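Trainee: File entry27.json follows (JSON, C-alpha atoms):
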```
[["chain", "number", "residue", "atom", "x", "y", "z"],
["A", 1, "MET", "CA", -18.59, 23.99, -88.51],
["A", 2, "THR", "CA", -15.40, 25.40, -89.99],
["A", 3, "LYS", "CA", -12.16, 26.64, -88.50],
["A", 4, "THR", "CA", -13.11, 30.25, -89.14],
["A", 5, "ASN", "CA", -16.21, 29.80, -86.95],
["A", 6, "ILE", "CA", -14.24, 28.92, -83.81],
["A", 7, "LYS", "CA", -15.27, 31.24, -81.02],
["A", 8, "ILE", "CA", -12.49, 31.63, -78.50],
["A", 9, "ALA", "CA", -13.43, 32.81, -75.02],
["A", 10, "PRO", "CA", -12.66, 31.67, -71.47],
["A", 11, "SER", "CA", -14.05, 28.13, -70.94],
["A", 12, "SER", "CA", -13.86, 27.33, -74.69],
["A", 13, "VAL", "CA", -12.18, 24.04, -75.56],
["A", 14, "ILE", "CA", -9.60, 23.81, -78.34],
["A", 15, "ASN", "CA", -7.43, 20.98, -79.54],
["A", 16, "TYR", "CA", -3.68, 21.50, -79.79],
["A", 17, "GLY", "CA", -1.46, 18.62, -80.85],
["A", 18, "GLY", "CA", -4.14, 16.09, -79.92],
["A", 19, "LEU", "CA", -4.60, 17.64, -76.48],
["A", 20, "ASP", "CA", -7.99, 19.10, -75.54],
["A", 21, "CYS", "CA", -7.39, 22.36, -73.67],
["A", 22, "ILE", "CA", -9.63, 24.75, -71.75],
["A", 23, "VAL", "CA", -9.09, 28.41, -72.62],
["A", 24, "LEU", "CA", -8.48, 30.31, -69.38],
["A", 25, "ASP", "CA", -7.70, 33.77, -70.71],
["A", 26, "VAL", "CA", -7.71, 35.61, -74.02],
["A", 27, "GLU", "CA", -5.37, 38.56, -74.55],
["A", 28, "GLN", "CA", -4.69, 40.63, -77.65],
["A", 29, "ASP", "CA", -1.87, 38.49, -78.98],
["A", 30, "LYS", "CA", -2.02, 35.30, -76.93],
["A", 31, "ILE", "CA", -4.27, 32.84, -75.13],
["A", 32, "LEU", "CA", -3.70, 30.90, -71.92],
["A", 33, "VAL", "CA", -4.83, 27.28, -71.95],
["A", 34, "LEU", "CA", -4.91, 24.36, -69.51],
["A", 35, "ALA", "CA", -5.17, 20.67, -70.36],
["A", 36, "LYS", "CA", -8.79, 19.62, -69.97],
["A", 37, "GLU", "CA", -7.75, 16.31, -68.43],
["A", 38, "SER", "CA", -4.65, 15.00, -66.72],
["A", 39, "ILE", "CA", -2.00, 13.64, -69.09],
["A", 40, "GLY", "CA", -1.14, 10.99, -66.51],
["A", 41, "ASN", "CA", 0.11, 10.54, -62.97],
["A", 42, "MET", "CA", 3.74, 11.32, -62.21],
["A", 43, "PRO", "CA", 5.94, 12.80, -59.46],
["A", 44, "PHE", "CA", 6.52, 16.55, -59.20],
["A", 45, "ASP", "CA", 10.16, 15.55, -58.82],
["A", 46, "GLU", "CA", 11.64, 12.09, -58.51],
["A", 47, "GLY", "CA", 14.31, 13.53, -56.20],
["A", 48, "ASN", "CA", 11.63, 15.06, -53.92],
["A", 49, "SER", "CA", 12.36, 18.75, -54.59],
["A", 50, "ASN", "CA", 9.46, 21.22, -54.53],
["A", 51, "ASN", "CA", 11.37, 23.80, -56.61],
["A", 52, "PHE", "CA", 9.50, 23.48, -59.92],
["A", 53, "PRO", "CA", 12.23, 24.25, -62.51],
["A", 54, "LYS", "CA", 14.61, 21.81, -60.81],
["A", 55, "GLY", "CA", 12.09, 18.98, -60.87],
["A", 56, "THR", "CA", 11.78, 16.05, -63.24],
["A", 57, "LEU", "CA", 8.20, 17.03, -64.16],
["A", 58, "CYS", "CA", 9.23, 20.46, -65.44],
["A", 59, "LYS", "CA", 12.00, 18.86, -67.48],
["A", 60, "TYR", "CA", 9.56, 16.32, -68.94],
["A", 61, "LEU", "CA", 6.99, 18.97, -69.88],
["A", 62, "ASN", "CA", 9.55, 21.14, -71.65],
["A", 63, "GLY", "CA", 11.29, 18.25, -73.34],
["A", 64, "GLU", "CA", 9.56, 14.99, -74.20],
["A", 65, "PHE", "CA", 6.03, 16.39, -73.85],
["A", 66, "ILE", "CA", 6.65, 19.19, -76.37],
["A", 67, "LYS", "CA", 8.08, 16.58, -78.76],
["A", 68, "LYS", "CA", 4.86, 14.56, -78.39],
["A", 69, "LEU", "CA", 2.73, 17.61, -79.15],
["A", 70, "LYS", "CA", 4.80, 18.29, -82.28],
["A", 71, "ALA", "CA", 4.55, 14.65, -83.37],
["A", 72, "ASN", "CA", 0.77, 14.99, -83.10],
["A", 73, "GLY", "CA", 0.73, 17.96, -85.44],
["A", 74, "ALA", "CA", 1.13, 20.92, -83.08],
["A", 75, "ASP", "CA", 2.91, 24.02, -84.33],
["A", 76, "THR", "CA", 5.23, 24.28, -81.34],
["A", 77, "SER", "CA", 6.62, 27.62, -82.57],
["A", 78, "ALA", "CA", 3.36, 29.08, -81.24],
["A", 79, "LEU", "CA", 4.32, 28.24, -77.65],
["A", 80, "ILE", "CA", 5.27, 31.43, -75.78],
["A", 81, "PRO", "CA", 7.96, 31.25, -73.07],
["A", 82, "THR", "CA", 6.18, 32.41, -69.92],
["A", 83, "THR", "CA", 7.51, 33.61, -66.59],
["A", 84, "ILE", "CA", 5.65, 32.38, -63.52],
["A", 85, "ASP", "CA", 6.09, 33.48, -59.92],
["A", 86, "LEU", "CA", 7.30, 30.71, -57.60],
["A", 87, "THR", "CA", 6.48, 32.48, -54.33],
["A", 88, "SER", "CA", 5.67, 29.66, -51.91],
["A", 89, "ASP", "CA", 2.23, 29.29, -50.40],
["A", 90, "ASP", "CA", 3.46, 30.87, -47.16],
["A", 91, "GLY", "CA", 4.89, 33.89, -49.00],
["A", 92, "LEU", "CA", 8.60, 33.04, -49.21],
["A", 93, "LYS", "CA", 10.33, 34.16, -52.40],
["A", 94, "ASP", "CA", 13.41, 31.91, -52.25],
["A", 95, "TYR", "CA", 12.58, 30.17, -55.54],
["A", 96, "GLY", "CA", 12.13, 33.40, -57.47],
["A", 97, "GLU", "CA", 10.61, 33.02, -60.93],
["A", 98, "THR", "CA", 11.00, 30.61, -63.81],
["A", 99, "THR", "CA", 10.44, 30.97, -67.54],
["A", 100, "GLN", "CA", 9.11, 27.90, -69.36],
["A", 101, "LYS", "CA", 7.13, 27.09, -72.50],
["A", 102, "ILE", "CA", 5.04, 24.51, -70.62],
["A", 103, "PHE", "CA", 4.31, 25.01, -66.95],
["A", 104, "LEU", "CA", 1.92, 24.18, -64.14],
["A", 105, "LEU", "CA", -0.50, 26.76, -62.82],
["A", 106, "THR", "CA", 0.58, 28.44, -59.60],
["A", 107, "CYS", "CA", -1.83, 28.69, -56.66],
["A", 108, "ASP", "CA", -2.49, 32.34, -57.54],
["A", 109, "MET", "CA", -3.21, 31.49, -61.18],
["A", 110, "TYR", "CA", -5.51, 28.66, -60.13],
["A", 111, "ARG", "CA", -7.47, 30.98, -57.86],
["A", 112, "LYS", "CA", -7.69, 33.63, -60.58],
["A", 113, "TYR", "CA", -9.15, 31.23, -63.15],
["A", 114, "ARG", "CA", -11.02, 28.91, -60.78],
["A", 115, "SER", "CA", -14.42, 29.89, -62.17],
["A", 116, "VAL", "CA", -13.58, 28.39, -65.59],
["A", 117, "ILE", "CA", -11.72, 25.31, -64.30],
["A", 118, "PRO", "CA", -14.16, 22.47, -63.64],
["A", 119, "ASN", "CA", -13.39, 19.88, -61.01],
["A", 120, "LEU", "CA", -11.46, 16.85, -62.21],
["A", 121, "ASP", "CA", -11.88, 13.30, -60.95],
["A", 122, "ASP", "CA", -8.21, 13.27, -60.04],
["A", 123, "TRP", "CA", -5.65, 15.16, -57.95],
["A", 124, "TRP", "CA", -3.26, 17.35, -59.96],
["A", 125, "TRP", "CA", -0.07, 19.27, -59.25],
["A", 126, "LEU", "CA", 0.42, 23.05, -59.09],
["A", 127, "ALA", "CA", 3.81, 24.77, -59.46],
["A", 128, "THR", "CA", 3.67, 26.37, -56.01],
["A", 129, "ALA", "CA", 5.70, 25.01, -53.11],
["A", 130, "TYR", "CA", 4.08, 24.58, -49.70],
["A", 131, "SER", "CA", 7.10, 26.37, -48.23],
["A", 132, "THR", "CA", 10.80, 26.38, -49.10],
["A", 133, "GLU", "CA", 14.00, 24.57, -48.24],
["A", 134, "SER", "CA", 15.19, 27.50, -46.10],
["A", 135, "ASN", "CA", 12.10, 27.03, -43.92],
["A", 136, "GLY", "CA", 12.55, 23.29, -43.58],
["A", 137, "TYR", "CA", 10.19, 22.28, -46.39],
["A", 138, "ALA", "CA", 12.20, 21.28, -49.44],
["A", 139, "TYR", "CA", 9.78, 18.56, -50.48],
["A", 140, "CYS", "CA", 6.09, 19.57, -50.22],
["A", 141, "ALA", "CA", 4.27, 20.96, -53.28],
["A", 142, "ARG", "CA", 0.69, 22.16, -53.62],
["A", 143, "TYR", "CA", -1.95, 20.31, -55.58],
["A", 144, "VAL", "CA", -5.64, 20.49, -56.43],
["A", 145, "TYR", "CA", -7.94, 17.92, -54.87],
["A", 146, "SER", "CA", -10.82, 16.38, -56.84],
["A", 147, "ASP", "CA", -13.30, 18.80, -55.25],
["A", 148, "GLY", "CA", -11.23, 21.81, -56.29],
["A", 149, "SER", "CA", -9.72, 22.52, -52.87],
["A", 150, "LEU", "CA", -5.96, 22.80, -52.34],
["A", 151, "SER", "CA", -3.62, 20.63, -50.33],
["A", 152, "ASN", "CA", 0.01, 19.49, -50.43],
["A", 153, "ARG", "CA", 1.97, 16.27, -50.94],
["A", 154, "ALA", "CA", 5.57, 15.16, -51.02],
["A", 155, "ALA", "CA", 7.08, 15.95, -54.42],
["A", 156, "TYR", "CA", 8.11, 12.34, -55.11],
["A", 157, "ASP", "CA", 4.52, 11.07, -54.87],
["A", 158, "GLY", "CA", 3.75, 9.56, -58.24],
["A", 159, "TYR", "CA", -0.03, 9.20, -58.06],
["A", 160, "LEU", "CA", -1.02, 12.83, -58.73],
["A", 161, "GLY", "CA", -2.15, 14.00, -62.14],
["A", 162, "VAL", "CA", -0.58, 16.60, -64.41],
["A", 163, "ARG", "CA", -2.46, 19.31, -66.34],
["A", 164, "PRO", "CA", 0.02, 21.27, -68.48],
["A", 165, "ALA", "CA", -0.63, 24.98, -68.97],
["A", 166, "PHE", "CA", 0.82, 27.23, -71.66],
["A", 167, "TYR", "CA", 0.37, 30.41, -73.67],
["A", 168, "LEU", "CA", -0.17, 30.22, -77.42],
["A", 169, "LYS", "CA", 0.19, 32.98, -79.99],
["A", 170, "SER", "CA", -3.27, 34.14, -81.06],
["A", 171, "SER", "CA", -2.19, 33.88, -84.69],
["A", 172, "ILE", "CA", -2.32, 30.09, -84.44],
["A", 173, "LEU", "CA", -6.08, 30.03, -83.84],
["A", 174, "GLU", "CA", -6.94, 29.77, -87.54],
["A", 175, "SER", "CA", -5.05, 26.48, -87.76],
["A", 176, "LEU", "CA", -6.57, 24.93, -84.63],
["A", 177, "SER", "CA", -9.57, 22.65, -84.53],
["A", 178, "PRO", "CA", -12.21, 23.04, -81.85],
["A", 179, "SER", "CA", -12.90, 20.01, -79.70],
["A", 180, "LEU", "CA", -15.92, 18.01, -80.91],
["A", 181, "SER", "CA", -17.36, 18.44, -77.42],
["A", 182, "GLU", "CA", -17.93, 22.10, -78.31],
["A", 183, "PHE", "CA", -20.58, 21.18, -80.87],
["A", 184, "THR", "CA", -24.15, 20.00, -80.46],
["A", 185, "THR", "CA", -25.31, 16.75, -82.05],
["A", 186, "GLU", "CA", -27.31, 18.80, -84.56],
["A", 187, "GLU", "CA", -24.23, 20.79, -85.61],
["A", 188, "LEU", "CA", -22.20, 17.59, -86.04],
["A", 189, "LEU", "CA", -24.93, 15.98, -88.18],
["A", 190, "LYS", "CA", -25.17, 19.09, -90.37],
["A", 191, "GLU", "CA", -21.41, 18.99, -90.91],
["A", 192, "VAL", "CA", -21.50, 15.30, -91.87],
["A", 193, "LEU", "CA", -24.31, 15.98, -94.37],
["A", 194, "ARG", "CA", -22.43, 18.98, -95.81],
["A", 195, "ARG", "CA", -19.28, 16.94, -96.36],
["A", 196, "ASN", "CA", -21.24, 14.04, -97.89],
["A", 197, "ALA", "CA", -22.88, 16.50, -100.31],
["A", 198, "GLU", "CA", -19.50, 17.93, -101.30],
["A", 199, "SER", "CA", -18.12, 14.44, -101.83],
["A", 200, "THR", "CA", -21.07, 13.52, -104.10],
["A", 201, "GLU", "CA", -20.63, 16.68, -106.20],
["A", 202, "THR", "CA", -16.97, 15.88, -106.90],
["A", 203, "GLU", "CA", -17.62, 12.30, -108.00]]
```
Re-express the file's structure as structure tokens.
Mentor:
Amino acid sequence: MTKTNIKIAPSSVINYGGLDCIVLDVEQDKILVLAKESIGNMPFDEGNSNNFPKGTLCKYLNGEFIKKLKANGADTSALIPTTIDLTSDDGLKDYGETTQKIFLLTCDMYRKYRSVIPNLDDWWWLATAYSTESNGYAYCARYVYSDGSLSNRAAYDGYLGVRPAFYLKSSILESLSPSLSEFTTEELLKEVLRRNAESTETE
């Protein structure tokens, strides 16, 4: 069980800055990951806007949250600014696109990777608006229900979970640790015995 033995594929779990993440996609020079669990409940936007980059949640993820990852040992230079499409769920393109280091999955991204995203015992936000301000819906954002289905809530609702998503440079993989949940009990015991043996030899 060493870092060089980490096998990265969709549905693998890695740990980045103390955060267990599910690998959603592996490309030549980058990987897309999603937090395995919610990092806590919070509003999409305290001012009730469903335009993701204008919201308080987006600002938190790309400010204080990145600082927390770094404080927990993450190499934040590996975060890749990513452009996501903010087309609303009814097809309006008023909100355009946004480029962020940390983002929420859009509805389209969630559908694309649904097969490797297990249900969570919580509701969690997506970046997609239900509709847009020009259509009379400046406040409803989409979210994932605990059974994996989609619905929408007012952006100021503070009882929905947050699962940050982000791209990492593939070059960082050698410095990442796999989550312990990726190993069997037998593999963990073998690793403990190996380390004990090494410790005895150096005494």
Trainee: Counting all atoms listed in the file, note down every residue that has an atom within 8 Å of the point (-3.1, 22.1, -80.3) (file coordinates), as a ChimeraX atom specification.
Mentor: /A:14-21,69,73-75,176-177
Trainee: I'd like the contact shell of Thr99 in chain A - 8 Å cut-off, all atoms listed in the file, skipping same-chain residues fewer than 3 positions apart - returned as a count of residues only.
Mentor: 4
Trainee: With distances taken over all atoms listed in the file, which of A:Leu168, A:Tyr159, A:Asp121, A:Leu92 is nearest to Ser146 in chain A?
Mentor: A:Asp121
Trainee: Using all atoms listed in the file, which of the listed residues (A:Ala129, A:Leu160, A:Val26, A:Met42) sits closest to Lys93 in chain A?
Mentor: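 Of the candidates, the smallest distance to Lys93 in chain A is held by A:Ala129.
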Trainee: Name the residues in contact with Tyr156 in chain A at a cut-off of 10 Å, using all atoms listed in the file, excluding same-chain residues fewer than 6 positions from it; report them as a compact mmCIF listing (two decimals) with C-alpha atoms, keeping the file's coordinate frame.
Mentor:
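Result went into result_8.txt, see below:
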```txt
# COMPACT_ATOMS: atom_id res chain seq x y z
CA MET A 42 3.74 11.32 -62.21
CA PRO A 43 5.94 12.80 -59.46
CA PHE A 44 6.52 16.55 -59.20
CA ASP A 45 10.16 15.55 -58.82
CA GLU A 46 11.64 12.09 -58.51
CA GLY A 47 14.31 13.53 -56.20
CA ASN A 48 11.63 15.06 -53.92
CA SER A 49 12.36 18.75 -54.59
CA ASN A 50 9.46 21.22 -54.53
CA GLY A 55 12.09 18.98 -60.87
CA THR A 56 11.78 16.05 -63.24
CA TYR A 139 9.78 18.56 -50.48
CA CYS A 140 6.09 19.57 -50.22
CA ALA A 141 4.27 20.96 -53.28
```
Trainee: CA of Ala78 in chain A to CA of Glu97 in chain A: how many Å, to one decimal?
Mentor: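 Result for CA of Ala78 in chain A versus CA of Glu97 in chain A: 21.9 Å, one decimal.
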Trainee: Give as a PDB file with C-alpha atoms, in the coordinates of the input each residue that has an atom at most 7 Å from (-10.2, 18.9, -58.4) in the file, counting all atoms listed in the file.
Mentor:
```
ATOM      1  CA  ASN A 119     -13.390  19.880 -61.010  1.00  0.00           C
ATOM      2  CA  LEU A 120     -11.460  16.850 -62.210  1.00  0.00           C
ATOM      3  CA  ASP A 121     -11.880  13.300 -60.950  1.00  0.00           C
ATOM      4  CA  ASP A 122      -8.210  13.270 -60.040  1.00  0.00           C
ATOM      5  CA  TRP A 123      -5.650  15.160 -57.950  1.00  0.00           C
ATOM      6  CA  VAL A 144      -5.640  20.490 -56.430  1.00  0.00           C
ATOM      7  CA  TYR A 145      -7.940  17.920 -54.870  1.00  0.00           C
ATOM      8  CA  SER A 146     -10.820  16.380 -56.840  1.00  0.00           C
ATOM      9  CA  ASP A 147     -13.300  18.800 -55.250  1.00  0.00           C
ATOM     10  CA  GLY A 148     -11.230  21.810 -56.290  1.00  0.00           C
ATOM     11  CA  SER A 149      -9.720  22.520 -52.870  1.00  0.00           C
TER      12      SER A 149
END
```
Trainee: Could you state the separation of CA of Lys112 in chain A and CA of Ser134 in chain A in Å, given to one decimal place?
Mentor: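 Distance reported for this atom pair: 27.8 Å.
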Trainee: With only C-alpha atoms as the atoms that count, which of A:Glu174, A:Glu64, A:Glu133, A:Asp89 lies nearest to Ser151 in chain A?
Mentor: A:Asp89
Trainee: Taking into account only C-alpha atoms, which residue in the set A:Ile172, A:Ala155, A:Val23, A:Asn72 is nearest to Tyr137 in chain A?
Mentor: A:Ala155
Trainee: Calculate how many Å separate CA of Leu126 in chain A from CA of Leu105 in chain A, rounding to one decimal.
Mentor: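 Taking CA of Leu126 in chain A and CA of Leu105 in chain A, their separation equals 5.3 Å.
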Trainee: Find the residue from A:Phe103, A:Trp124, A:Tyr95, A:Tyr113 that sits nearest to Asn41 in chain A; use only C-alpha atoms when measuring.
Mentor: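 Checking each candidate against Asn41 in chain A, we get A:Trp124 as the closest.
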Trainee: Using only C-alpha atoms, which of the listed residues (A:Leu173, A:Val162, A:Leu150, A:Ile80) sits closest to Gln100 in chain A?
Mentor: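 Closest to Gln100 in chain A of all the choices is A:Ile80.
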